[in-house]
file target.pdb (PDB, N, CA and C atoms)
ATOM      1  N   MET A1204     -29.849  62.823 -53.514  1.00  0.00           N
ATOM      2  CA  MET A1204     -30.579  61.757 -54.154  1.00  0.00           C
ATOM      3  C   MET A1204     -29.628  60.784 -54.844  1.00  0.00           C
ATOM      4  N   SER A1205     -28.547  61.285 -55.358  1.00  0.00           N
ATOM      5  CA  SER A1205     -27.612  60.414 -56.075  1.00  0.00           C
ATOM      6  C   SER A1205     -27.004  59.345 -55.177  1.00  0.00           C
ATOM      7  N   GLU A1206     -27.011  59.542 -53.877  1.00  0.00           N
ATOM      8  CA  GLU A1206     -26.424  58.578 -52.944  1.00  0.00           C
ATOM      9  C   GLU A1206     -27.437  57.560 -52.421  1.00  0.00           C
ATOM     10  N   LEU A1207     -28.698  57.705 -52.757  1.00  0.00           N
ATOM     11  CA  LEU A1207     -29.734  56.807 -52.245  1.00  0.00           C
ATOM     12  C   LEU A1207     -29.843  55.548 -53.100  1.00  0.00           C
ATOM     13  N   ASP A1208     -30.160  54.427 -52.447  1.00  0.00           N
ATOM     14  CA  ASP A1208     -30.364  53.162 -53.150  1.00  0.00           C
ATOM     15  C   ASP A1208     -31.785  53.031 -53.682  1.00  0.00           C
ATOM     16  N   LEU A1209     -32.725  53.684 -53.024  1.00  0.00           N
ATOM     17  CA  LEU A1209     -34.131  53.593 -53.391  1.00  0.00           C
ATOM     18  C   LEU A1209     -34.835  54.874 -52.970  1.00  0.00           C
ATOM     19  N   ILE A1210     -35.663  55.383 -53.854  1.00  0.00           N
ATOM     20  CA  ILE A1210     -36.482  56.554 -53.546  1.00  0.00           C
ATOM     21  C   ILE A1210     -37.938  56.091 -53.595  1.00  0.00           C
ATOM     22  N   ILE A1211     -38.691  56.363 -52.535  1.00  0.00           N
ATOM     23  CA  ILE A1211     -40.115  56.068 -52.484  1.00  0.00           C
ATOM     24  C   ILE A1211     -40.822  57.409 -52.394  1.00  0.00           C
ATOM     25  N   THR A1212     -41.742  57.663 -53.335  1.00  0.00           N
ATOM     26  CA  THR A1212     -42.355  58.977 -53.430  1.00  0.00           C
ATOM     27  C   THR A1212     -43.754  58.873 -54.033  1.00  0.00           C
ATOM     28  N   VAL A1213     -44.460  59.969 -54.013  1.00  0.00           N
ATOM     29  CA  VAL A1213     -45.713  60.087 -54.754  1.00  0.00           C
ATOM     30  C   VAL A1213     -45.383  60.840 -56.047  1.00  0.00           C
ATOM     31  N   ASP A1214     -46.388  61.097 -56.855  1.00  0.00           N
ATOM     32  CA  ASP A1214     -46.188  61.745 -58.148  1.00  0.00           C
ATOM     33  C   ASP A1214     -45.853  63.227 -57.948  1.00  0.00           C
ATOM     34  N   THR A1215     -44.565  63.498 -57.801  1.00  0.00           N
ATOM     35  CA  THR A1215     -44.055  64.859 -57.659  1.00  0.00           C
ATOM     36  C   THR A1215     -42.810  64.994 -58.528  1.00  0.00           C
ATOM     37  N   ALA A1216     -42.194  66.141 -58.465  1.00  0.00           N
ATOM     38  CA  ALA A1216     -40.940  66.350 -59.195  1.00  0.00           C
ATOM     39  C   ALA A1216     -39.873  65.369 -58.736  1.00  0.00           C
ATOM     40  N   VAL A1217     -39.936  64.938 -57.489  1.00  0.00           N
ATOM     41  CA  VAL A1217     -38.964  63.967 -56.970  1.00  0.00           C
ATOM     42  C   VAL A1217     -39.028  62.684 -57.794  1.00  0.00           C
ATOM     43  N   ALA A1218     -40.222  62.198 -58.096  1.00  0.00           N
ATOM     44  CA  ALA A1218     -40.369  60.981 -58.902  1.00  0.00           C
ATOM     45  C   ALA A1218     -39.730  61.160 -60.272  1.00  0.00           C
ATOM     46  N   HIS A1219     -39.988  62.291 -60.900  1.00  0.00           N
ATOM     47  CA  HIS A1219     -39.447  62.535 -62.239  1.00  0.00           C
ATOM     48  C   HIS A1219     -37.931  62.716 -62.216  1.00  0.00           C
ATOM     49  N   LEU A1220     -37.424  63.410 -61.230  1.00  0.00           N
ATOM     50  CA  LEU A1220     -35.976  63.596 -61.119  1.00  0.00           C
ATOM     51  C   LEU A1220     -35.282  62.263 -60.894  1.00  0.00           C
ATOM     52  N   ALA A1221     -35.802  61.462 -59.952  1.00  0.00           N
ATOM     53  CA  ALA A1221     -35.201  60.157 -59.680  1.00  0.00           C
ATOM     54  C   ALA A1221     -35.243  59.269 -60.916  1.00  0.00           C
ATOM     55  N   GLY A1222     -36.374  59.259 -61.602  1.00  0.00           N
ATOM     56  CA  GLY A1222     -36.486  58.468 -62.819  1.00  0.00           C
ATOM     57  C   GLY A1222     -35.523  58.937 -63.898  1.00  0.00           C
ATOM     58  N   ALA A1223     -35.403  60.235 -64.070  1.00  0.00           N
ATOM     59  CA  ALA A1223     -34.488  60.789 -65.073  1.00  0.00           C
ATOM     60  C   ALA A1223     -33.031  60.495 -64.737  1.00  0.00           C
ATOM     61  N   MET A1224     -32.738  60.376 -63.441  1.00  0.00           N
ATOM     62  CA  MET A1224     -31.374  60.048 -62.999  1.00  0.00           C
ATOM     63  C   MET A1224     -31.078  58.557 -63.102  1.00  0.00           C
ATOM     64  N   GLY A1225     -32.105  57.768 -63.419  1.00  0.00           N
ATOM     65  CA  GLY A1225     -31.912  56.322 -63.508  1.00  0.00           C
ATOM     66  C   GLY A1225     -31.862  55.647 -62.153  1.00  0.00           C
ATOM     67  N   LYS A1226     -32.381  56.320 -61.127  1.00  0.00           N
ATOM     68  CA  LYS A1226     -32.397  55.752 -59.781  1.00  0.00           C
ATOM     69  C   LYS A1226     -33.563  54.777 -59.646  1.00  0.00           C
ATOM     70  N   ARG A1227     -33.404  53.815 -58.760  1.00  0.00           N
ATOM     71  CA  ARG A1227     -34.527  52.932 -58.426  1.00  0.00           C
ATOM     72  C   ARG A1227     -35.541  53.786 -57.677  1.00  0.00           C
ATOM     73  N   VAL A1228     -36.760  53.866 -58.217  1.00  0.00           N
ATOM     74  CA  VAL A1228     -37.790  54.709 -57.603  1.00  0.00           C
ATOM     75  C   VAL A1228     -39.126  53.981 -57.632  1.00  0.00           C
ATOM     76  N   TRP A1229     -39.799  54.011 -56.495  1.00  0.00           N
ATOM     77  CA  TRP A1229     -41.143  53.467 -56.373  1.00  0.00           C
ATOM     78  C   TRP A1229     -42.079  54.648 -56.211  1.00  0.00           C
ATOM     79  N   THR A1230     -43.033  54.759 -57.113  1.00  0.00           N
ATOM     80  CA  THR A1230     -43.954  55.889 -57.117  1.00  0.00           C
ATOM     81  C   THR A1230     -45.356  55.420 -56.771  1.00  0.00           C
ATOM     82  N   LEU A1231     -45.942  56.035 -55.756  1.00  0.00           N
ATOM     83  CA  LEU A1231     -47.290  55.709 -55.304  1.00  0.00           C
ATOM     84  C   LEU A1231     -48.273  56.596 -56.048  1.00  0.00           C
ATOM     85  N   LEU A1232     -49.267  55.950 -56.653  1.00  0.00           N
ATOM     86  CA  LEU A1232     -50.226  56.678 -57.500  1.00  0.00           C
ATOM     87  C   LEU A1232     -51.652  56.526 -56.999  1.00  0.00           C
ATOM     88  N   PRO A1233     -52.451  57.571 -57.166  1.00  0.00           N
ATOM     89  CA  PRO A1233     -53.872  57.466 -56.815  1.00  0.00           C
ATOM     90  C   PRO A1233     -54.614  56.588 -57.822  1.00  0.00           C
ATOM     91  N   PHE A1234     -55.839  56.265 -57.494  1.00  0.00           N
ATOM     92  CA  PHE A1234     -56.679  55.409 -58.336  1.00  0.00           C
ATOM     93  C   PHE A1234     -56.783  55.962 -59.761  1.00  0.00           C
ATOM     94  N   VAL A1235     -56.973  57.248 -59.896  1.00  0.00           N
ATOM     95  CA  VAL A1235     -56.984  57.900 -61.213  1.00  0.00           C
ATOM     96  C   VAL A1235     -55.753  58.809 -61.262  1.00  0.00           C
ATOM     97  N   PRO A1236     -54.646  58.310 -61.822  1.00  0.00           N
ATOM     98  CA  PRO A1236     -53.404  59.075 -61.827  1.00  0.00           C
ATOM     99  C   PRO A1236     -53.350  60.081 -62.975  1.00  0.00           C
ATOM    100  N   ASP A1237     -52.305  60.868 -62.966  1.00  0.00           N
ATOM    101  CA  ASP A1237     -52.029  61.771 -64.081  1.00  0.00           C
ATOM    102  C   ASP A1237     -51.935  60.936 -65.364  1.00  0.00           C
ATOM    103  N   TRP A1238     -52.296  61.496 -66.483  1.00  0.00           N
ATOM    104  CA  TRP A1238     -52.374  60.781 -67.756  1.00  0.00           C
ATOM    105  C   TRP A1238     -51.086  60.057 -68.127  1.00  0.00           C
ATOM    106  N   ARG A1239     -49.951  60.623 -67.777  1.00  0.00           N
ATOM    107  CA  ARG A1239     -48.685  60.034 -68.254  1.00  0.00           C
ATOM    108  C   ARG A1239     -48.396  58.661 -67.677  1.00  0.00           C
ATOM    109  N   TRP A1240     -49.071  58.300 -66.579  1.00  0.00           N
ATOM    110  CA  TRP A1240     -48.835  56.989 -65.966  1.00  0.00           C
ATOM    111  C   TRP A1240     -49.746  55.911 -66.538  1.00  0.00           C
ATOM    112  N   GLY A1241     -50.712  56.299 -67.355  1.00  0.00           N
ATOM    113  CA  GLY A1241     -51.683  55.334 -67.854  1.00  0.00           C
ATOM    114  C   GLY A1241     -52.588  54.864 -66.719  1.00  0.00           C
ATOM    115  N   LEU A1242     -53.407  53.892 -67.016  1.00  0.00           N
ATOM    116  CA  LEU A1242     -54.367  53.415 -66.011  1.00  0.00           C
ATOM    117  C   LEU A1242     -54.033  52.033 -65.460  1.00  0.00           C
ATOM    118  N   HIS A1243     -53.052  51.351 -66.038  1.00  0.00           N
ATOM    119  CA  HIS A1243     -52.740  49.981 -65.624  1.00  0.00           C
ATOM    120  C   HIS A1243     -51.236  49.748 -65.649  1.00  0.00           C
ATOM    121  N   GLY A1244     -50.825  48.722 -64.947  1.00  0.00           N
ATOM    122  CA  GLY A1244     -49.434  48.289 -64.977  1.00  0.00           C
ATOM    123  C   GLY A1244     -48.588  48.891 -63.872  1.00  0.00           C
ATOM    124  N   ASP A1245     -47.444  48.253 -63.638  1.00  0.00           N
ATOM    125  CA  ASP A1245     -46.553  48.731 -62.584  1.00  0.00           C
ATOM    126  C   ASP A1245     -45.228  49.259 -63.124  1.00  0.00           C
ATOM    127  N   THR A1246     -45.176  49.456 -64.447  1.00  0.00           N
ATOM    128  CA  THR A1246     -43.989  50.065 -65.051  1.00  0.00           C
ATOM    129  C   THR A1246     -44.437  51.221 -65.939  1.00  0.00           C
ATOM    130  N   THR A1247     -43.460  52.000 -66.360  1.00  0.00           N
ATOM    131  CA  THR A1247     -43.740  53.137 -67.230  1.00  0.00           C
ATOM    132  C   THR A1247     -42.663  53.229 -68.310  1.00  0.00           C
ATOM    133  N   PRO A1248     -43.040  53.538 -69.533  1.00  0.00           N
ATOM    134  CA  PRO A1248     -42.025  53.702 -70.576  1.00  0.00           C
ATOM    135  C   PRO A1248     -41.159  54.939 -70.367  1.00  0.00           C
ATOM    136  N   TRP A1249     -41.624  55.858 -69.524  1.00  0.00           N
ATOM    137  CA  TRP A1249     -40.866  57.089 -69.299  1.00  0.00           C
ATOM    138  C   TRP A1249     -39.570  56.832 -68.537  1.00  0.00           C
ATOM    139  N   TYR A1250     -39.634  55.965 -67.531  1.00  0.00           N
ATOM    140  CA  TYR A1250     -38.478  55.733 -66.658  1.00  0.00           C
ATOM    141  C   TYR A1250     -38.340  54.233 -66.397  1.00  0.00           C
ATOM    142  N   PRO A1251     -37.377  53.563 -67.021  1.00  0.00           N
ATOM    143  CA  PRO A1251     -37.254  52.111 -66.874  1.00  0.00           C
ATOM    144  C   PRO A1251     -36.909  51.650 -65.450  1.00  0.00           C
ATOM    145  N   THR A1252     -36.391  52.519 -64.614  1.00  0.00           N
ATOM    146  CA  THR A1252     -36.029  52.120 -63.248  1.00  0.00           C
ATOM    147  C   THR A1252     -37.138  52.412 -62.239  1.00  0.00           C
ATOM    148  N   MET A1253     -38.299  52.833 -62.730  1.00  0.00           N
ATOM    149  CA  MET A1253     -39.406  53.195 -61.850  1.00  0.00           C
ATOM    150  C   MET A1253     -40.417  52.062 -61.777  1.00  0.00           C
ATOM    151  N   ARG A1254     -40.908  51.844 -60.565  1.00  0.00           N
ATOM    152  CA  ARG A1254     -42.001  50.906 -60.333  1.00  0.00           C
ATOM    153  C   ARG A1254     -43.187  51.691 -59.790  1.00  0.00           C
ATOM    154  N   LEU A1255     -44.373  51.398 -60.317  1.00  0.00           N
ATOM    155  CA  LEU A1255     -45.572  52.112 -59.911  1.00  0.00           C
ATOM    156  C   LEU A1255     -46.393  51.262 -58.948  1.00  0.00           C
ATOM    157  N   PHE A1256     -46.852  51.882 -57.875  1.00  0.00           N
ATOM    158  CA  PHE A1256     -47.744  51.259 -56.902  1.00  0.00           C
ATOM    159  C   PHE A1256     -49.049  52.043 -56.949  1.00  0.00           C
ATOM    160  N   ARG A1257     -50.061  51.429 -57.527  1.00  0.00           N
ATOM    161  CA  ARG A1257     -51.333  52.110 -57.769  1.00  0.00           C
ATOM    162  C   ARG A1257     -52.364  51.769 -56.698  1.00  0.00           C
ATOM    163  N   GLN A1258     -53.214  52.736 -56.387  1.00  0.00           N
ATOM    164  CA  GLN A1258     -54.369  52.447 -55.543  1.00  0.00           C
ATOM    165  C   GLN A1258     -55.279  51.485 -56.299  1.00  0.00           C
ATOM    166  N   LYS A1259     -55.793  50.484 -55.606  1.00  0.00           N
ATOM    167  CA  LYS A1259     -56.745  49.563 -56.223  1.00  0.00           C
ATOM    168  C   LYS A1259     -58.167  50.089 -56.108  1.00  0.00           C
ATOM    169  N   SER A1260     -58.383  50.973 -55.139  1.00  0.00           N
ATOM    170  CA  SER A1260     -59.670  51.652 -55.020  1.00  0.00           C
ATOM    171  C   SER A1260     -59.409  53.080 -54.565  1.00  0.00           C
ATOM    172  N   ALA A1261     -60.259  53.978 -54.992  1.00  0.00           N
ATOM    173  CA  ALA A1261     -60.065  55.402 -54.722  1.00  0.00           C
ATOM    174  C   ALA A1261     -59.952  55.678 -53.227  1.00  0.00           C
ATOM    175  N   GLY A1262     -58.917  56.400 -52.870  1.00  0.00           N
ATOM    176  CA  GLY A1262     -58.713  56.836 -51.500  1.00  0.00           C
ATOM    177  C   GLY A1262     -58.062  55.818 -50.576  1.00  0.00           C
ATOM    178  N   ASP A1263     -57.809  54.602 -51.048  1.00  0.00           N
ATOM    179  CA  ASP A1263     -57.256  53.552 -50.184  1.00  0.00           C
ATOM    180  C   ASP A1263     -55.728  53.543 -50.228  1.00  0.00           C
ATOM    181  N   TRP A1264     -55.138  54.415 -49.435  1.00  0.00           N
ATOM    182  CA  TRP A1264     -53.680  54.468 -49.351  1.00  0.00           C
ATOM    183  C   TRP A1264     -53.128  53.383 -48.441  1.00  0.00           C
ATOM    184  N   GLU A1265     -53.911  52.913 -47.483  1.00  0.00           N
ATOM    185  CA  GLU A1265     -53.415  51.880 -46.560  1.00  0.00           C
ATOM    186  C   GLU A1265     -52.970  50.638 -47.306  1.00  0.00           C
ATOM    187  N   GLU A1266     -53.744  50.208 -48.286  1.00  0.00           N
ATOM    188  CA  GLU A1266     -53.401  49.020 -49.055  1.00  0.00           C
ATOM    189  C   GLU A1266     -52.124  49.250 -49.872  1.00  0.00           C
ATOM    190  N   VAL A1267     -51.976  50.432 -50.425  1.00  0.00           N
ATOM    191  CA  VAL A1267     -50.767  50.762 -51.191  1.00  0.00           C
ATOM    192  C   VAL A1267     -49.544  50.731 -50.268  1.00  0.00           C
ATOM    193  N   ILE A1268     -49.666  51.356 -49.113  1.00  0.00           N
ATOM    194  CA  ILE A1268     -48.548  51.396 -48.165  1.00  0.00           C
ATOM    195  C   ILE A1268     -48.189  49.989 -47.701  1.00  0.00           C
ATOM    196  N   GLU A1269     -49.173  49.143 -47.508  1.00  0.00           N
ATOM    197  CA  GLU A1269     -48.896  47.756 -47.098  1.00  0.00           C
ATOM    198  C   GLU A1269     -48.126  47.005 -48.176  1.00  0.00           C
ATOM    199  N   ARG A1270     -48.493  47.197 -49.447  1.00  0.00           N
ATOM    200  CA  ARG A1270     -47.738  46.567 -50.543  1.00  0.00           C
ATOM    201  C   ARG A1270     -46.315  47.088 -50.604  1.00  0.00           C
ATOM    202  N   VAL A1271     -46.150  48.393 -50.439  1.00  0.00           N
ATOM    203  CA  VAL A1271     -44.800  48.980 -50.442  1.00  0.00           C
ATOM    204  C   VAL A1271     -43.992  48.418 -49.272  1.00  0.00           C
ATOM    205  N   ARG A1272     -44.614  48.337 -48.088  1.00  0.00           N
ATOM    206  CA  ARG A1272     -43.927  47.795 -46.920  1.00  0.00           C
ATOM    207  C   ARG A1272     -43.447  46.367 -47.176  1.00  0.00           C
ATOM    208  N   ALA A1273     -44.323  45.522 -47.730  1.00  0.00           N
ATOM    209  CA  ALA A1273     -43.963  44.136 -48.011  1.00  0.00           C
ATOM    210  C   ALA A1273     -42.833  44.053 -49.041  1.00  0.00           C
ATOM    211  N   GLU A1274     -42.916  44.852 -50.088  1.00  0.00           N
ATOM    212  CA  GLU A1274     -41.874  44.849 -51.115  1.00  0.00           C
ATOM    213  C   GLU A1274     -40.551  45.383 -50.573  1.00  0.00           C
ATOM    214  N   LEU A1275     -40.624  46.387 -49.725  1.00  0.00           N
ATOM    215  CA  LEU A1275     -39.418  46.941 -49.116  1.00  0.00           C
ATOM    216  C   LEU A1275     -38.759  45.914 -48.209  1.00  0.00           C
ATOM    217  N   GLN A1276     -39.569  45.206 -47.447  1.00  0.00           N
ATOM    218  CA  GLN A1276     -39.034  44.159 -46.580  1.00  0.00           C
ATOM    219  C   GLN A1276     -38.359  43.065 -47.413  1.00  0.00           C
ATOM    220  N   ALA A1277     -38.989  42.644 -48.495  1.00  0.00           N
ATOM    221  CA  ALA A1277     -38.406  41.628 -49.375  1.00  0.00           C
ATOM    222  C   ALA A1277     -37.113  42.133 -50.001  1.00  0.00           C
ATOM    223  N   TRP A1278     -37.122  43.365 -50.465  1.00  0.00           N
ATOM    224  CA  TRP A1278     -35.939  43.951 -51.094  1.00  0.00           C
ATOM    225  C   TRP A1278     -34.784  44.021 -50.097  1.00  0.00           C
ATOM    226  N   ALA A1279     -35.074  44.439 -48.868  1.00  0.00           N
ATOM    227  CA  ALA A1279     -34.038  44.539 -47.838  1.00  0.00           C
ATOM    228  C   ALA A1279     -33.492  43.165 -47.486  1.00  0.00           C
ATOM    229  N   SER A1280     -34.350  42.153 -47.432  1.00  0.00           N
ATOM    230  CA  SER A1280     -33.870  40.806 -47.078  1.00  0.00           C
ATOM    231  C   SER A1280     -33.021  40.207 -48.190  1.00  0.00           C
ATOM    232  N   GLU A1281     -33.173  40.725 -49.399  1.00  0.00           N
ATOM    233  CA  GLU A1281     -32.354  40.280 -50.523  1.00  0.00           C
ATOM    234  C   GLU A1281     -31.049  41.068 -50.640  1.00  0.00           C
ATOM    235  N   GLY A1282     -30.812  41.958 -49.723  1.00  0.00           N
ATOM    236  CA  GLY A1282     -29.581  42.728 -49.754  1.00  0.00           C
ATOM    237  C   GLY A1282     -29.789  44.188 -50.075  1.00  0.00           C
ATOM    238  N   GLY A1283     -31.013  44.552 -50.456  1.00  0.00           N
ATOM    239  CA  GLY A1283     -31.297  45.960 -50.732  1.00  0.00           C
ATOM    240  C   GLY A1283     -30.300  46.559 -51.689  1.00  0.00           C
ATOM    241  N   GLY A1284     -29.782  47.703 -51.339  1.00  0.00           N
ATOM    242  CA  GLY A1284     -28.814  48.394 -52.175  1.00  0.00           C
ATOM    243  C   GLY A1284     -27.375  47.934 -51.978  1.00  0.00           C
ATOM    244  N   ASN A1285     -27.190  46.858 -51.261  1.00  0.00           N
ATOM    245  CA  ASN A1285     -25.827  46.404 -50.956  1.00  0.00           C
ATOM    246  C   ASN A1285     -25.258  45.459 -51.996  1.00  0.00           C
ATOM    247  N   SER A1286     -25.913  45.334 -53.137  1.00  0.00           N
ATOM    248  CA  SER A1286     -25.399  44.409 -54.158  1.00  0.00           C
ATOM    249  C   SER A1286     -24.477  45.097 -55.123  1.00  0.00           C
TER     250      SER A1286
END

call {"tool": "encode", "arguments": {"input": "target.pdb", "output": "structure tokens"}}
result
Amino acid sequence: MSELDLIITVDTAVAHLAGAMGKRVWTLLPFVPDWRWGLHGDTTPWYPTMRLFRQKSAGDWEEVIERVRAELQAWASEGGGNS
């Protein structure tokens, strides 16, 4: 994990480990996430390098994946981890 430029994960130990390591991490969350993520926003006070991608409606992972895909494409076109 220490060699990765970006970690994309759901709410698992991987998300917490990456966040604790200060790695860039995008975490995909369900419509009603675990309490520690709160109910709104795309950042968390727990891990400043983490970005949250929340479901806008229960069970709709396709929309979340599409947002992640678009953001990943934008990030890669800006140089990704090569800066």

call {"tool": "closest_residue", "arguments": {"input": "target.pdb", "among": "A:Val1271, A:Val1213, A:Ala1218, A:Met1253", "to": "Leu1232 in chain A", "atoms": "all atoms listed in the file"}}
result
A:Val1213

call {"tool": "residues_near_point", "arguments": {"input": "target.pdb", "point": "(-41.5, 59.4, -51.9)", "cutoff": "12 Å", "atoms": "only C-alpha atoms", "output": "list in words"}}
result
Met1204, Leu1209, Ile1210, Ile1211, Thr1212, Val1213, Asp1214, Thr1215, Ala1216, Val1217, Ala1218, His1219, Leu1220, Ala1221, Arg1227, Val1228, Trp1229, Thr1230, Leu1231, Leu1232, Met1253, Arg1254, Leu1255, Phe1256, Ile1268 and Val1271 of chain A

call {"tool": "select_by_dssp", "arguments": {"input": "target.pdb", "residues": "chain A", "states": "strand (DSSP E or B)", "output": "list in words"}}
result
Ile1210, Ile1211, Thr1212, Val1213, Val1228, Trp1229, Thr1230, Leu1231, Leu1232, Met1253, Arg1254, Leu1255, Phe1256 and Arg1257 of chain A

call {"tool": "write_last_selection", "arguments": {"input": "target.pdb", "atoms": "N, CA and C atoms", "output": "CSV table (one decimal), in the coordinates of the input"}}
result
chain,number,residue,atom,x,y,z
A,1210,ILE,N,-35.7,55.4,-53.9
A,1210,ILE,CA,-36.5,56.6,-53.5
A,1210,ILE,C,-37.9,56.1,-53.6
A,1211,ILE,N,-38.7,56.4,-52.5
A,1211,ILE,CA,-40.1,56.1,-52.5
A,1211,ILE,C,-40.8,57.4,-52.4
A,1212,THR,N,-41.7,57.7,-53.3
A,1212,THR,CA,-42.4,59.0,-53.4
A,1212,THR,C,-43.8,58.9,-54.0
A,1213,VAL,N,-44.5,60.0,-54.0
A,1213,VAL,CA,-45.7,60.1,-54.8
A,1213,VAL,C,-45.4,60.8,-56.0
A,1228,VAL,N,-36.8,53.9,-58.2
A,1228,VAL,CA,-37.8,54.7,-57.6
A,1228,VAL,C,-39.1,54.0,-57.6
A,1229,TRP,N,-39.8,54.0,-56.5
A,1229,TRP,CA,-41.1,53.5,-56.4
A,1229,TRP,C,-42.1,54.6,-56.2
A,1230,THR,N,-43.0,54.8,-57.1
A,1230,THR,CA,-44.0,55.9,-57.1
A,1230,THR,C,-45.4,55.4,-56.8
A,1231,LEU,N,-45.9,56.0,-55.8
A,1231,LEU,CA,-47.3,55.7,-55.3
A,1231,LEU,C,-48.3,56.6,-56.0
A,1232,LEU,N,-49.3,56.0,-56.7
A,1232,LEU,CA,-50.2,56.7,-57.5
A,1232,LEU,C,-51.7,56.5,-57.0
A,1253,MET,N,-38.3,52.8,-62.7
A,1253,MET,CA,-39.4,53.2,-61.8
A,1253,MET,C,-40.4,52.1,-61.8
A,1254,ARG,N,-40.9,51.8,-60.6
A,1254,ARG,CA,-42.0,50.9,-60.3
A,1254,ARG,C,-43.2,51.7,-59.8
A,1255,LEU,N,-44.4,51.4,-60.3
A,1255,LEU,CA,-45.6,52.1,-59.9
A,1255,LEU,C,-46.4,51.3,-58.9
A,1256,PHE,N,-46.9,51.9,-57.9
A,1256,PHE,CA,-47.7,51.3,-56.9
A,1256,PHE,C,-49.0,52.0,-56.9
A,1257,ARG,N,-50.1,51.4,-57.5
A,1257,ARG,CA,-51.3,52.1,-57.8
A,1257,ARG,C,-52.4,51.8,-56.7

call {"tool": "atom_distance", "arguments": {"input": "target.pdb", "atom1": "CA of Ser1280 in chain A", "atom2": "atom C of Leu1242 in chain A"}}
result
29.5 Å

call {"tool": "residues_around", "arguments": {"input": "target.pdb", "residues": "Gly1284 in chain A", "least_positions_apart": "3", "cutoff": "8 Å", "atoms": "all atoms listed in the file", "output": "VMD selection string"}}
result
chain A and resid 1207 to 1209 1278 to 1279 1281

call {"tool": "atom_distance", "arguments": {"input": "target.pdb", "atom1": "CA of Pro1236 in chain A", "atom2": "CA of Glu1206 in chain A"}}
result
28.4 Å

call {"tool": "axis_aligned_box", "arguments": {"input": "target.pdb", "around": "range 1248-1257 of chain A", "padding_each_side": "3 Å", "output": "AutoDock Vina command-line options"}}
result
--center_x -44.2 --center_y 54.0 --center_z -63.6 --size_x 22.3 --size_y 12.2 --size_z 19.9

call {"tool": "atom_distance", "arguments": {"input": "target.pdb", "atom1": "atom C of Pro1233 in chain A", "atom2": "atom C of Ala1261 in chain A"}}
result
7.1 Å

call {"tool": "residues_around", "arguments": {"input": "target.pdb", "residues": "Tyr1250 in chain A", "least_positions_apart": "3", "cutoff": "7 Å", "atoms": "only C-alpha atoms", "output": "NGL selection string"}}
result
:A and (1222-1223 or 1247 or 1253)

call {"tool": "closest_residue", "arguments": {"input": "target.pdb", "among": "A:Ala1273, A:Ser1260, A:Pro1248, A:Glu1266", "to": "Val1235 in chain A", "atoms": "all atoms listed in the file"}}
result
A:Ser1260

call {"tool": "closest_residue", "arguments": {"input": "target.pdb", "among": "A:Phe1234, A:Arg1239, A:Ala1277, A:Asp1245", "to": "Gly1262 in chain A", "atoms": "only C-alpha atoms"}}
result
A:Phe1234

call {"tool": "closest_residue", "arguments": {"input": "target.pdb", "among": "A:His1243, A:Ser1205, A:Glu1265, A:Lys1259", "to": "Met1224 in chain A", "atoms": "all atoms listed in the file"}}
result
A:Ser1205

call {"tool": "select_by_dssp", "arguments": {"input": "target.pdb", "residues": "range 1241-1275 of chain A", "states": "alpha helix (DSSP H)", "output": "PyMOL selection string"}}
result
chain A and resi 1264-1275
